[in-house]
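A.B. asks: After the structure tokens below, expect a handful of questions from me.
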Amino acid sequence: MRDNMRLGTAIAILLACGGVARARGTCAIDTRKSPAILVEVTPKEASPFKLRIEGVAASIEPGGLETPATVRVRGALVFEAHLANGDIPARLKRAVDDLSGMVHLAQATEKLTLHANVRAKVVDAMVKLPGVELRGLVLPCDALTLDDVAPPKLSLEDAGEARFVAKGSTLHFRSGAGGKGAGIEVGVDDPGALELKRVEEQGGWMRVTTRWADGTTLHGWVKRDELAEAGMHHERISDMTPLSAGDAGGCDPLRLAANERVVAAPVAAGTQVFAARYLGPWAKVADGTKLQLRVRGKDDWVEIVSAPGIACSLHDAWIPRATAKIPAEEAPTDAHVE
């Protein structure tokens, strides 16, 4: 009996530890009107497919290191999809400090790669700046948004002081001298993109700082042998040029066969949407709003080709014909009447 109790206790401890190890916080980034996002839908028992959402209520939860972000869409169609963590179109709604205290990020900072943290109130993050990537940051979840944010006023800092640049492609920052305190990593694509001003030296370590035109700052202790003296200081022109959000991509035109027509018809609320006839449920119709449907003769199934919040034509959205109020096909009007 005693051995059984010990075995049960051991199993309970292992399960508890495993649960803690797998646990992740839930940081949900919400929007009432999403930007254009290409997401992947994975229906049950059917092949995954991609579609583009835009202007619809949605929330995104960053995934772990090996899992994608979860996208929950709440439009005319309600469904769940996935997105690479590096493709989350999030930005900062306000200026924030990284948990290490070494990085201050300006309002409207974007190009973020986000991952879930064990604590729901923060996320792990990488930030891409011109020629530089800041890695290992921890940011508050409530500072993130999917909505537009006005950028801060840009201003250049004074030149003329001794500057240092990275010798290699990576710098290791610590919050305390001698390698003590929190640490972050800075990837450097172009040494000239990150010129660091010396504040003080202690042993083999140098405390350095830099500032970007939007007010973003980086400071901390770096090993002296990771740095080299910079040449003449120059203003980073890329700091003053807003980054383009890029093209969301075009949509393929809808093509109809001779026996097909497209009609606008209301669909019963709660109707299950399938990737193919009888197969691959992946969404539900939120209410009785009219949707654009492709109708083929007297086929018992019809295809949703357009819905509010879906930017391009759908190709994997089938519903039973009986769930829609499809208008009768109009009779030809070119017949001569005596």
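Labels used: A, B, ... for chains in the order of the structure tokens, numbers from 1 for residues in each chain, and numbers from 1 for ligands as shown.
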Skip stretch 37-41 of chain A itself and residues of its chain fewer than 6 positions away, then list as a PDB file with N, CA, C and O atoms, in the first residue's frame all residues within 9 Å of it, counting only C-alpha atoms.
C.D. replies:
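To be explicit, this is the file written out as part.pdb:
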ATOM      1  N   SER A  47      -7.625  18.970 -46.855  1.00  0.00           N
ATOM      2  CA  SER A  47      -6.341  19.646 -47.053  1.00  0.00           C
ATOM      3  C   SER A  47      -6.401  21.090 -46.568  1.00  0.00           C
ATOM      4  O   SER A  47      -7.429  21.773 -46.735  1.00  0.00           O
ATOM      5  N   PRO A  48      -5.313  21.595 -45.987  1.00  0.00           N
ATOM      6  CA  PRO A  48      -5.267  23.007 -45.579  1.00  0.00           C
ATOM      7  C   PRO A  48      -5.373  23.918 -46.804  1.00  0.00           C
ATOM      8  O   PRO A  48      -5.006  23.536 -47.914  1.00  0.00           O
ATOM      9  N   PHE A  49      -5.864  25.119 -46.583  1.00  0.00           N
ATOM     10  CA  PHE A  49      -5.903  26.109 -47.661  1.00  0.00           C
ATOM     11  C   PHE A  49      -5.738  27.490 -47.044  1.00  0.00           C
ATOM     12  O   PHE A  49      -5.886  27.683 -45.840  1.00  0.00           O
ATOM     13  N   LYS A  50      -5.395  28.451 -47.886  1.00  0.00           N
ATOM     14  CA  LYS A  50      -5.159  29.812 -47.414  1.00  0.00           C
ATOM     15  C   LYS A  50      -6.241  30.746 -47.923  1.00  0.00           C
ATOM     16  O   LYS A  50      -6.765  30.575 -49.027  1.00  0.00           O
ATOM     17  N   LEU A  51      -6.560  31.730 -47.103  1.00  0.00           N
ATOM     18  CA  LEU A  51      -7.468  32.788 -47.518  1.00  0.00           C
ATOM     19  C   LEU A  51      -7.043  34.090 -46.863  1.00  0.00           C
ATOM     20  O   LEU A  51      -6.309  34.098 -45.873  1.00  0.00           O
ATOM     21  N   ARG A  52      -7.512  35.181 -47.417  1.00  0.00           N
ATOM     22  CA  ARG A  52      -7.115  36.502 -46.940  1.00  0.00           C
ATOM     23  C   ARG A  52      -8.290  37.178 -46.241  1.00  0.00           C
ATOM     24  O   ARG A  52      -9.370  37.310 -46.820  1.00  0.00           O
ATOM     25  N   ILE A  53      -8.062  37.568 -44.993  1.00  0.00           N
ATOM     26  CA  ILE A  53      -9.085  38.311 -44.262  1.00  0.00           C
ATOM     27  C   ILE A  53      -8.703  39.788 -44.262  1.00  0.00           C
ATOM     28  O   ILE A  53      -7.525  40.142 -44.334  1.00  0.00           O
ATOM     29  N   GLU A  54      -9.717  40.639 -44.174  1.00  0.00           N
ATOM     30  CA  GLU A  54      -9.451  42.080 -44.145  1.00  0.00           C
ATOM     31  C   GLU A  54     -10.695  42.807 -43.655  1.00  0.00           C
ATOM     32  O   GLU A  54     -11.813  42.498 -44.061  1.00  0.00           O
ATOM     33  N   VAL A  71      -5.403  32.386 -35.099  1.00  0.00           N
ATOM     34  CA  VAL A  71      -6.218  33.526 -35.524  1.00  0.00           C
ATOM     35  C   VAL A  71      -7.680  33.145 -35.382  1.00  0.00           C
ATOM     36  O   VAL A  71      -8.129  32.147 -35.969  1.00  0.00           O
ATOM     37  N   PHE A  79     -14.508  31.417 -37.723  1.00  0.00           N
ATOM     38  CA  PHE A  79     -13.616  30.266 -37.880  1.00  0.00           C
ATOM     39  C   PHE A  79     -12.275  30.547 -37.209  1.00  0.00           C
ATOM     40  O   PHE A  79     -11.984  31.666 -36.787  1.00  0.00           O
ATOM     41  N   GLU A  80     -11.464  29.504 -37.143  1.00  0.00           N
ATOM     42  CA  GLU A  80     -10.126  29.585 -36.560  1.00  0.00           C
ATOM     43  C   GLU A  80      -9.104  29.227 -37.633  1.00  0.00           C
ATOM     44  O   GLU A  80      -9.308  28.307 -38.420  1.00  0.00           O
ATOM     45  N   ALA A  81      -8.005  29.974 -37.670  1.00  0.00           N
ATOM     46  CA  ALA A  81      -6.949  29.735 -38.648  1.00  0.00           C
ATOM     47  C   ALA A  81      -5.598  29.884 -37.963  1.00  0.00           C
ATOM     48  O   ALA A  81      -5.518  30.109 -36.751  1.00  0.00           O
ATOM     49  N   HIS A  82      -4.538  29.748 -38.759  1.00  0.00           N
ATOM     50  CA  HIS A  82      -3.186  29.858 -38.210  1.00  0.00           C
ATOM     51  C   HIS A  82      -2.341  30.805 -39.048  1.00  0.00           C
ATOM     52  O   HIS A  82      -2.651  31.096 -40.211  1.00  0.00           O
ATOM     53  N   LEU A  83      -1.269  31.268 -38.433  1.00  0.00           N
ATOM     54  CA  LEU A  83      -0.410  32.269 -39.038  1.00  0.00           C
ATOM     55  C   LEU A  83       0.983  32.116 -38.444  1.00  0.00           C
ATOM     56  O   LEU A  83       1.129  31.861 -37.241  1.00  0.00           O
ATOM     57  N   ALA A  84       2.022  32.245 -39.271  1.00  0.00           N
ATOM     58  CA  ALA A  84       3.389  32.194 -38.748  1.00  0.00           C
ATOM     59  C   ALA A  84       3.614  33.341 -37.758  1.00  0.00           C
ATOM     60  O   ALA A  84       3.137  34.464 -37.981  1.00  0.00           O
ATOM     61  N   ASP A  87       4.698  36.582 -39.060  1.00  0.00           N
ATOM     62  CA  ASP A  87       3.797  37.299 -39.967  1.00  0.00           C
ATOM     63  C   ASP A  87       2.666  38.022 -39.243  1.00  0.00           C
ATOM     64  O   ASP A  87       1.772  38.576 -39.889  1.00  0.00           O
ATOM     65  N   ILE A  88       2.674  37.989 -37.915  1.00  0.00           N
ATOM     66  CA  ILE A  88       1.630  38.709 -37.166  1.00  0.00           C
ATOM     67  C   ILE A  88       1.805  40.210 -37.412  1.00  0.00           C
ATOM     68  O   ILE A  88       2.856  40.778 -37.110  1.00  0.00           O
ATOM     69  N   PRO A  89       0.795  40.896 -37.964  1.00  0.00           N
ATOM     70  CA  PRO A  89       0.958  42.317 -38.302  1.00  0.00           C
ATOM     71  C   PRO A  89       0.744  43.239 -37.095  1.00  0.00           C
ATOM     72  O   PRO A  89      -0.009  44.210 -37.155  1.00  0.00           O
ATOM     73  N   ALA A 248      -0.334  43.624 -50.186  1.00  0.00           N
ATOM     74  CA  ALA A 248      -1.083  42.504 -49.613  1.00  0.00           C
ATOM     75  C   ALA A 248      -1.321  41.398 -50.645  1.00  0.00           C
ATOM     76  O   ALA A 248      -1.687  40.292 -50.294  1.00  0.00           O
ATOM     77  N   TRP A 282     -15.036  23.714 -41.300  1.00  0.00           N
ATOM     78  CA  TRP A 282     -14.017  24.663 -40.826  1.00  0.00           C
ATOM     79  C   TRP A 282     -14.589  26.007 -40.375  1.00  0.00           C
ATOM     80  O   TRP A 282     -13.878  26.796 -39.743  1.00  0.00           O
TER      81      TRP A 282
END
A.B. asks: Any idea what the distance is between atom CA of A:Arg94 and atom CA of A:Ala143?
C.D. replies: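 Rounded to one decimal, the two atoms are 6.1 Å apart.
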A.B. asks: May I ask which of the residues A:Val273, A:Val305, A:Val199, A:Ala57 is the closest one to A:Arg32, counting only C-alpha atoms?
C.D. replies: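 Going through A:Val273, A:Val305, A:Val199, A:Ala57 one by one, the smallest distance to A:Arg32 is for A:Ala57.
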A.B. asks: With the cut-off set at 9 Å and counting only C-alpha atoms, tabulate each residue of stretch 53-138 of chain A with an atom at most that distance from an atom of stretch 180-184 of chain A, showing the nearest atom pair and its distance in Å to one decimal, ordered by chain and increasing number, as a tab-separated table.
C.D. replies:
residue	atom	partner	partner_atom	distance
A:Leu99	CA	A:Ala182	CA	8.9
A:Ser100	CA	A:Ala182	CA	5.6
A:Gly101	CA	A:Ala182	CA	8.5
A:Met102	CA	A:Ile184	CA	8.3
A:Leu134	CA	A:Ile184	CA	7.4
A:Arg135	CA	A:Ile184	CA	6.0
A:Gly136	CA	A:Ile184	CA	5.2
A:Leu137	CA	A:Ile184	CA	6.7
A.B. asks: Can you spit out the residues from that selection as a JSON list (two decimals), in the first residue's frame, using all heavy atoms?
C.D. replies:
[["chain", "number", "residue", "atom", "x", "y", "z"],
["A", 99, "LEU", "N", 11.47, 44.07, -20.76],
["A", 99, "LEU", "CA", 11.56, 43.66, -19.37],
["A", 99, "LEU", "C", 12.99, 43.73, -18.83],
["A", 99, "LEU", "O", 13.20, 43.95, -17.64],
["A", 99, "LEU", "CB", 11.03, 42.23, -19.21],
["A", 99, "LEU", "CG", 10.69, 41.76, -17.80],
["A", 99, "LEU", "CD1", 9.58, 42.61, -17.21],
["A", 99, "LEU", "CD2", 10.27, 40.29, -17.80],
["A", 100, "SER", "N", 13.99, 43.58, -19.70],
["A", 100, "SER", "CA", 15.39, 43.66, -19.26],
["A", 100, "SER", "C", 15.80, 45.07, -18.88],
["A", 100, "SER", "O", 16.80, 45.28, -18.18],
["A", 100, "SER", "CB", 16.32, 43.15, -20.36],
["A", 100, "SER", "OG", 16.40, 44.09, -21.43],
["A", 101, "GLY", "N", 15.05, 46.08, -19.36],
["A", 101, "GLY", "CA", 15.40, 47.46, -19.09],
["A", 101, "GLY", "C", 16.43, 48.02, -20.05],
["A", 101, "GLY", "O", 16.80, 49.20, -19.94],
["A", 102, "MET", "N", 16.90, 47.23, -21.01],
["A", 102, "MET", "CA", 17.95, 47.69, -21.92],
["A", 102, "MET", "C", 17.41, 48.26, -23.22],
["A", 102, "MET", "O", 18.16, 48.90, -23.97],
["A", 102, "MET", "CB", 18.92, 46.55, -22.22],
["A", 102, "MET", "CG", 19.78, 46.14, -21.04],
["A", 102, "MET", "SD", 20.97, 44.84, -21.46],
["A", 102, "MET", "CE", 19.89, 43.40, -21.48],
["A", 134, "LEU", "N", 16.80, 42.87, -32.77],
["A", 134, "LEU", "CA", 16.89, 42.75, -31.31],
["A", 134, "LEU", "C", 16.17, 41.47, -30.90],
["A", 134, "LEU", "O", 14.99, 41.31, -31.18],
["A", 134, "LEU", "CB", 16.24, 43.96, -30.63],
["A", 134, "LEU", "CG", 16.68, 45.35, -31.13],
["A", 134, "LEU", "CD1", 15.97, 46.44, -30.34],
["A", 134, "LEU", "CD2", 18.18, 45.50, -31.04],
["A", 135, "ARG", "N", 16.88, 40.57, -30.22],
["A", 135, "ARG", "CA", 16.36, 39.25, -29.89],
["A", 135, "ARG", "C", 16.30, 39.05, -28.38],
["A", 135, "ARG", "O", 17.11, 39.59, -27.65],
["A", 135, "ARG", "CB", 17.23, 38.17, -30.51],
["A", 135, "ARG", "CG", 17.46, 38.32, -32.01],
["A", 135, "ARG", "CD", 18.60, 37.46, -32.49],
["A", 135, "ARG", "NE", 18.88, 37.65, -33.92],
["A", 135, "ARG", "CZ", 20.06, 37.38, -34.48],
["A", 135, "ARG", "NH1", 21.05, 36.87, -33.74],
["A", 135, "ARG", "NH2", 20.24, 37.59, -35.77],
["A", 136, "GLY", "N", 15.33, 38.22, -27.98],
["A", 136, "GLY", "CA", 15.22, 37.88, -26.57],
["A", 136, "GLY", "C", 14.53, 38.93, -25.73],
["A", 136, "GLY", "O", 14.73, 38.99, -24.52],
["A", 137, "LEU", "N", 13.67, 39.75, -26.36],
["A", 137, "LEU", "CA", 12.94, 40.78, -25.62],
["A", 137, "LEU", "C", 11.68, 40.18, -25.01],
["A", 137, "LEU", "O", 11.14, 39.18, -25.48],
["A", 137, "LEU", "CB", 12.56, 41.94, -26.54],
["A", 137, "LEU", "CG", 13.66, 42.58, -27.39],
["A", 137, "LEU", "CD1", 13.12, 43.81, -28.10],
["A", 137, "LEU", "CD2", 14.86, 42.94, -26.54]]
A.B. asks: Give me the residues within 8 Å of A:Asp214 as a list in words, counting only C-alpha atoms and dropping any in the same chain fewer than 3 places off.
C.D. replies: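 Final neighbour list, sorted by chain and number: Ala106, Pro151, Pro152, Lys153, Leu154, Ser155 and Asp239 of chain A.
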A.B. asks: Write out as a Markdown table a residue-level contact list of stretch 176-277 of chain A versus stretch 307-331 of chain A with cut-off 12 Å: for each qualifying residue the closest pair of atoms and the distance in Å to one decimal, counting only C-alpha atoms, rows sorted by chain and residue number upward.
C.D. replies:
| residue | atom | partner | partner_atom | distance |
| --- | --- | --- | --- | --- |
| A:Ala248 | CA | A:Ala311 | CA | 10.1 |
| A:Gly249 | CA | A:Cys312 | CA | 10.0 |
| A:Gly250 | CA | A:Cys312 | CA | 8.2 |
| A:Cys251 | CA | A:Cys312 | CA | 5.4 |
| A:Asp252 | CA | A:Ser313 | CA | 7.3 |
| A:Pro253 | CA | A:Ser313 | CA | 7.5 |
| A:Leu254 | CA | A:Ser313 | CA | 6.6 |
| A:Arg255 | CA | A:Ser313 | CA | 10.1 |
| A:Asn259 | CA | A:Glu329 | CA | 11.7 |
| A:Glu260 | CA | A:Glu329 | CA | 10.9 |
| A:Arg261 | CA | A:Glu329 | CA | 9.0 |
| A:Val262 | CA | A:Ile326 | CA | 10.0 |
| A:Val263 | CA | A:Ile326 | CA | 7.3 |
| A:Ala264 | CA | A:Ile326 | CA | 7.7 |
| A:Ala265 | CA | A:Ile326 | CA | 5.5 |
| A:Pro266 | CA | A:Ala324 | CA | 5.8 |
| A:Val267 | CA | A:Ala324 | CA | 4.3 |
| A:Ala268 | CA | A:Thr323 | CA | 5.5 |
| A:Ala269 | CA | A:Thr323 | CA | 8.8 |
| A:Gly270 | CA | A:Thr323 | CA | 9.7 |
| A:Thr271 | CA | A:Thr323 | CA | 6.9 |
| A:Gln272 | CA | A:Ile319 | CA | 6.8 |
| A:Val273 | CA | A:Ile319 | CA | 5.4 |
| A:Phe274 | CA | A:Trp318 | CA | 5.0 |
| A:Ala275 | CA | A:Asp316 | CA | 4.4 |
| A:Ala276 | CA | A:Trp318 | CA | 5.9 |
| A:Arg277 | CA | A:Trp318 | CA | 6.3 |
A.B. asks: Based on the selection just made, write N, CA, C and O atoms of those residues as an mmCIF file, in the first residue's frame.
C.D. replies:
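Result file follows (part_38.cif):
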data_model
loop_
_atom_site.group_PDB
_atom_site.id
_atom_site.type_symbol
_atom_site.label_atom_id
_atom_site.label_comp_id
_atom_site.auth_asym_id
_atom_site.auth_seq_id
_atom_site.Cartn_x
_atom_site.Cartn_y
_atom_site.Cartn_z
ATOM 1 N N ALA A 248 -0.334 43.624 -50.186
ATOM 2 C CA ALA A 248 -1.083 42.504 -49.613
ATOM 3 C C ALA A 248 -1.321 41.398 -50.645
ATOM 4 O O ALA A 248 -1.687 40.292 -50.294
ATOM 5 N N GLY A 249 -1.070 41.698 -51.924
ATOM 6 C CA GLY A 249 -1.247 40.667 -52.946
ATOM 7 C C GLY A 249 -2.608 40.783 -53.620
ATOM 8 O O GLY A 249 -3.579 41.267 -53.036
ATOM 9 N N GLY A 250 -2.667 40.355 -54.882
ATOM 10 C CA GLY A 250 -3.918 40.446 -55.608
ATOM 11 C C GLY A 250 -4.781 39.213 -55.432
ATOM 12 O O GLY A 250 -4.415 38.256 -54.764
ATOM 13 N N CYS A 251 -5.957 39.246 -56.051
ATOM 14 C CA CYS A 251 -6.904 38.134 -55.951
ATOM 15 C C CYS A 251 -7.170 37.568 -57.339
ATOM 16 O O CYS A 251 -7.238 38.309 -58.327
ATOM 17 N N ASP A 252 -7.322 36.275 -57.401
ATOM 18 C CA ASP A 252 -7.657 35.644 -58.672
ATOM 19 C C ASP A 252 -9.106 35.965 -59.030
ATOM 20 O O ASP A 252 -9.994 35.941 -58.174
ATOM 21 N N PRO A 253 -9.379 36.271 -60.292
ATOM 22 C CA PRO A 253 -10.762 36.566 -60.697
ATOM 23 C C PRO A 253 -11.631 35.316 -60.616
ATOM 24 O O PRO A 253 -11.155 34.191 -60.782
ATOM 25 N N LEU A 254 -12.916 35.527 -60.362
ATOM 26 C CA LEU A 254 -13.866 34.424 -60.294
ATOM 27 C C LEU A 254 -14.311 34.050 -61.706
ATOM 28 O O LEU A 254 -14.735 34.908 -62.479
ATOM 29 N N ARG A 255 -14.190 32.774 -62.021
ATOM 30 C CA ARG A 255 -14.601 32.304 -63.337
ATOM 31 C C ARG A 255 -15.776 31.334 -63.187
ATOM 32 O O ARG A 255 -15.770 30.486 -62.304
ATOM 33 N N ASN A 259 -22.971 26.357 -66.730
ATOM 34 C CA ASN A 259 -24.140 25.987 -65.923
ATOM 35 C C ASN A 259 -24.114 26.613 -64.529
ATOM 36 O O ASN A 259 -24.829 26.167 -63.639
ATOM 37 N N GLU A 260 -23.298 27.625 -64.333
ATOM 38 C CA GLU A 260 -23.157 28.243 -63.009
ATOM 39 C C GLU A 260 -23.650 29.683 -63.018
ATOM 40 O O GLU A 260 -23.610 30.375 -64.039
ATOM 41 N N ARG A 261 -24.099 30.127 -61.867
ATOM 42 C CA ARG A 261 -24.464 31.524 -61.658
ATOM 43 C C ARG A 261 -24.114 31.915 -60.231
ATOM 44 O O ARG A 261 -24.008 31.065 -59.346
ATOM 45 N N VAL A 262 -23.918 33.201 -59.996
ATOM 46 C CA VAL A 262 -23.632 33.716 -58.667
ATOM 47 C C VAL A 262 -24.813 34.555 -58.208
ATOM 48 O O VAL A 262 -25.284 35.433 -58.936
ATOM 49 N N VAL A 263 -25.306 34.251 -57.007
ATOM 50 C CA VAL A 263 -26.449 34.978 -56.456
ATOM 51 C C VAL A 263 -26.118 35.443 -55.044
ATOM 52 O O VAL A 263 -25.256 34.869 -54.363
ATOM 53 N N ALA A 264 -26.779 36.505 -54.622
ATOM 54 C CA ALA A 264 -26.682 36.966 -53.240
ATOM 55 C C ALA A 264 -27.876 36.407 -52.484
ATOM 56 O O ALA A 264 -29.031 36.677 -52.844
ATOM 57 N N ALA A 265 -27.614 35.616 -51.459
ATOM 58 C CA ALA A 265 -28.707 34.967 -50.732
ATOM 59 C C ALA A 265 -28.382 34.862 -49.257
ATOM 60 O O ALA A 265 -27.223 34.619 -48.886
ATOM 61 N N PRO A 266 -29.381 35.047 -48.378
ATOM 62 C CA PRO A 266 -29.152 34.856 -46.951
ATOM 63 C C PRO A 266 -28.967 33.378 -46.625
ATOM 64 O O PRO A 266 -29.613 32.516 -47.218
ATOM 65 N N VAL A 267 -28.071 33.099 -45.675
ATOM 66 C CA VAL A 267 -27.794 31.730 -45.247
ATOM 67 C C VAL A 267 -28.135 31.618 -43.770
ATOM 68 O O VAL A 267 -27.841 32.518 -42.980
ATOM 69 N N ALA A 268 -28.772 30.543 -43.384
ATOM 70 C CA ALA A 268 -29.215 30.370 -41.995
ATOM 71 C C ALA A 268 -28.048 30.473 -41.022
ATOM 72 O O ALA A 268 -26.964 29.908 -41.248
ATOM 73 N N ALA A 269 -28.258 31.208 -39.934
ATOM 74 C CA ALA A 269 -27.241 31.345 -38.895
ATOM 75 C C ALA A 269 -26.880 29.983 -38.325
ATOM 76 O O ALA A 269 -27.740 29.136 -38.109
ATOM 77 N N GLY A 270 -25.590 29.789 -38.093
ATOM 78 C CA GLY A 270 -25.118 28.531 -37.530
ATOM 79 C C GLY A 270 -24.837 27.454 -38.557
ATOM 80 O O GLY A 270 -24.400 26.358 -38.202
ATOM 81 N N THR A 271 -25.062 27.766 -39.836
ATOM 82 C CA THR A 271 -24.791 26.777 -40.885
ATOM 83 C C THR A 271 -23.314 26.399 -40.899
ATOM 84 O O THR A 271 -22.442 27.264 -40.883
ATOM 85 N N GLN A 272 -23.049 25.103 -40.940
ATOM 86 C CA GLN A 272 -21.668 24.615 -41.002
ATOM 87 C C GLN A 272 -21.130 24.775 -42.419
ATOM 88 O O GLN A 272 -21.814 24.457 -43.398
ATOM 89 N N VAL A 273 -19.911 25.288 -42.515
ATOM 90 C CA VAL A 273 -19.247 25.471 -43.801
ATOM 91 C C VAL A 273 -18.182 24.389 -43.951
ATOM 92 O O VAL A 273 -17.376 24.159 -43.037
ATOM 93 N N PHE A 274 -18.161 23.743 -45.127
ATOM 94 C CA PHE A 274 -17.258 22.614 -45.364
ATOM 95 C C PHE A 274 -16.243 22.961 -46.453
ATOM 96 O O PHE A 274 -16.503 23.770 -47.340
ATOM 97 N N ALA A 275 -15.076 22.302 -46.385
ATOM 98 C CA ALA A 275 -14.056 22.493 -47.419
ATOM 99 C C ALA A 275 -14.457 21.808 -48.721
ATOM 100 O O ALA A 275 -14.012 22.201 -49.799
ATOM 101 N N ALA A 276 -15.278 20.783 -48.627
ATOM 102 C CA ALA A 276 -15.807 20.077 -49.793
ATOM 103 C C ALA A 276 -17.157 19.488 -49.393
ATOM 104 O O ALA A 276 -17.536 19.523 -48.213
ATOM 105 N N ARG A 277 -17.890 18.966 -50.335
ATOM 106 C CA ARG A 277 -19.197 18.394 -50.002
ATOM 107 C C ARG A 277 -19.045 17.330 -48.916
ATOM 108 O O ARG A 277 -18.285 16.375 -49.092
#
A.B. asks: Enter the distance from atom CA of A:Ala162 to atom CA of A:Arg198, in Å, rounded to one decimal.
C.D. replies: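 Separation between atom CA of A:Ala162 and atom CA of A:Arg198: 6.9 Å.
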A.B. asks: What's the 12 Å shell around A:Asp30, counting only C-alpha atoms, without same-chain residues fewer than 2 positions away, as a PyMOL selection string?
C.D. replies: chain A and resi 27-28+32-35+56-62+70-74+88-91+141-147
A.B. asks: Go ahead and write the residues just picked, N, CA, C and O atoms, as a compact mmCIF listing (two decimals), in the first residue's frame.
C.D. replies:
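The resulting file, selection-v5.txt, is reproduced below:
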# COMPACT_ATOMS: atom_id res chain seq x y z
N CYS A 27 -1.90 35.47 -24.68
CA CYS A 27 -1.89 36.90 -25.01
C CYS A 27 -2.70 37.06 -26.29
O CYS A 27 -2.28 36.60 -27.36
N ALA A 28 -3.86 37.66 -26.20
CA ALA A 28 -4.73 37.85 -27.36
C ALA A 28 -4.65 39.30 -27.83
O ALA A 28 -4.87 40.23 -27.05
N ARG A 32 -11.06 45.23 -34.20
CA ARG A 32 -12.41 45.23 -34.76
C ARG A 32 -12.40 45.30 -36.28
O ARG A 32 -13.42 45.03 -36.92
N LYS A 33 -11.25 45.66 -36.85
CA LYS A 33 -11.15 45.80 -38.29
C LYS A 33 -9.73 45.42 -38.69
O LYS A 33 -8.83 46.26 -38.72
N SER A 34 -9.52 44.16 -39.00
CA SER A 34 -8.18 43.65 -39.23
C SER A 34 -7.56 44.22 -40.50
O SER A 34 -8.26 44.53 -41.47
N PRO A 35 -6.24 44.34 -40.52
CA PRO A 35 -5.56 44.61 -41.78
C PRO A 35 -5.63 43.37 -42.67
O PRO A 35 -6.14 42.33 -42.25
N VAL A 56 -12.18 42.83 -40.70
CA VAL A 56 -13.09 42.00 -39.93
C VAL A 56 -12.60 41.91 -38.49
O VAL A 56 -11.40 42.04 -38.23
N ALA A 57 -13.51 41.70 -37.56
CA ALA A 57 -13.12 41.52 -36.16
C ALA A 57 -12.34 40.21 -36.02
O ALA A 57 -12.76 39.17 -36.53
N ALA A 58 -11.21 40.29 -35.33
CA ALA A 58 -10.37 39.10 -35.18
C ALA A 58 -9.47 39.27 -33.97
O ALA A 58 -9.28 40.37 -33.45
N SER A 59 -8.91 38.16 -33.52
CA SER A 59 -7.90 38.19 -32.47
C SER A 59 -6.81 37.20 -32.84
O SER A 59 -7.08 36.17 -33.47
N ILE A 60 -5.58 37.52 -32.45
CA ILE A 60 -4.43 36.66 -32.75
C ILE A 60 -3.71 36.34 -31.46
O ILE A 60 -3.39 37.24 -30.68
N GLU A 61 -3.46 35.06 -31.24
CA GLU A 61 -2.70 34.61 -30.08
C GLU A 61 -1.37 34.04 -30.55
O GLU A 61 -1.34 33.04 -31.28
N PRO A 62 -0.24 34.67 -30.21
CA PRO A 62 1.06 34.13 -30.64
C PRO A 62 1.26 32.71 -30.15
O PRO A 62 0.80 32.33 -29.07
N THR A 70 -2.48 31.51 -33.45
CA THR A 70 -3.88 31.15 -33.69
C THR A 70 -4.66 32.41 -34.00
O THR A 70 -4.58 33.41 -33.27
N VAL A 71 -5.40 32.39 -35.10
CA VAL A 71 -6.22 33.53 -35.52
C VAL A 71 -7.68 33.15 -35.38
O VAL A 71 -8.13 32.15 -35.97
N ARG A 72 -8.43 33.91 -34.62
CA ARG A 72 -9.87 33.68 -34.45
C ARG A 72 -10.63 34.81 -35.15
O ARG A 72 -10.52 35.97 -34.75
N VAL A 73 -11.39 34.44 -36.17
CA VAL A 73 -12.10 35.42 -36.99
C VAL A 73 -13.56 35.43 -36.61
O VAL A 73 -14.19 34.38 -36.49
N ARG A 74 -14.11 36.64 -36.43
CA ARG A 74 -15.51 36.79 -36.00
C ARG A 74 -16.24 37.73 -36.97
O ARG A 74 -16.61 38.85 -36.62
N ILE A 88 2.67 37.99 -37.92
CA ILE A 88 1.63 38.71 -37.17
C ILE A 88 1.80 40.21 -37.41
O ILE A 88 2.86 40.78 -37.11
N PRO A 89 0.80 40.90 -37.96
CA PRO A 89 0.96 42.32 -38.30
C PRO A 89 0.74 43.24 -37.09
O PRO A 89 -0.01 44.21 -37.15
N ALA A 90 1.41 42.92 -36.00
CA ALA A 90 1.23 43.69 -34.77
C ALA A 90 2.20 44.86 -34.74
O ALA A 90 3.25 44.85 -35.36
N ARG A 91 1.82 45.87 -33.98
CA ARG A 91 2.69 47.02 -33.72
C ARG A 91 2.42 47.51 -32.31
O ARG A 91 1.46 47.06 -31.66
N CYS A 141 1.87 42.45 -23.19
CA CYS A 141 0.85 42.09 -24.17
C CYS A 141 -0.09 43.26 -24.45
O CYS A 141 -0.47 43.49 -25.60
N ASP A 142 -0.44 44.01 -23.43
CA ASP A 142 -1.43 45.08 -23.62
C ASP A 142 -0.89 46.27 -24.41
O ASP A 142 -1.63 47.21 -24.70
N ALA A 143 0.39 46.24 -24.78
CA ALA A 143 0.96 47.31 -25.60
C ALA A 143 0.86 46.99 -27.09
O ALA A 143 1.20 47.83 -27.92
N LEU A 144 0.38 45.79 -27.43
CA LEU A 144 0.32 45.35 -28.82
C LEU A 144 -1.05 45.62 -29.43
O LEU A 144 -2.07 45.52 -28.76
N THR A 145 -1.05 45.93 -30.71
CA THR A 145 -2.30 46.16 -31.41
C THR A 145 -2.16 45.73 -32.86
O THR A 145 -1.04 45.65 -33.39
N LEU A 146 -3.29 45.48 -33.52
CA LEU A 146 -3.32 45.22 -34.95
C LEU A 146 -3.83 46.43 -35.73
O LEU A 146 -3.88 46.40 -36.96
N ASP A 147 -4.20 47.47 -35.01
CA ASP A 147 -4.76 48.67 -35.63
C ASP A 147 -3.66 49.65 -36.01
O ASP A 147 -2.51 49.55 -35.58
A.B. asks: So that I can see what lies close to A:Leu77, please list as a VMD selection string the residues with an atom at most 7 Å from it, counting only C-alpha atoms and leaving out residues fewer than 3 positions away in the same chain.
C.D. replies: chain A and resid 74 283 to 286
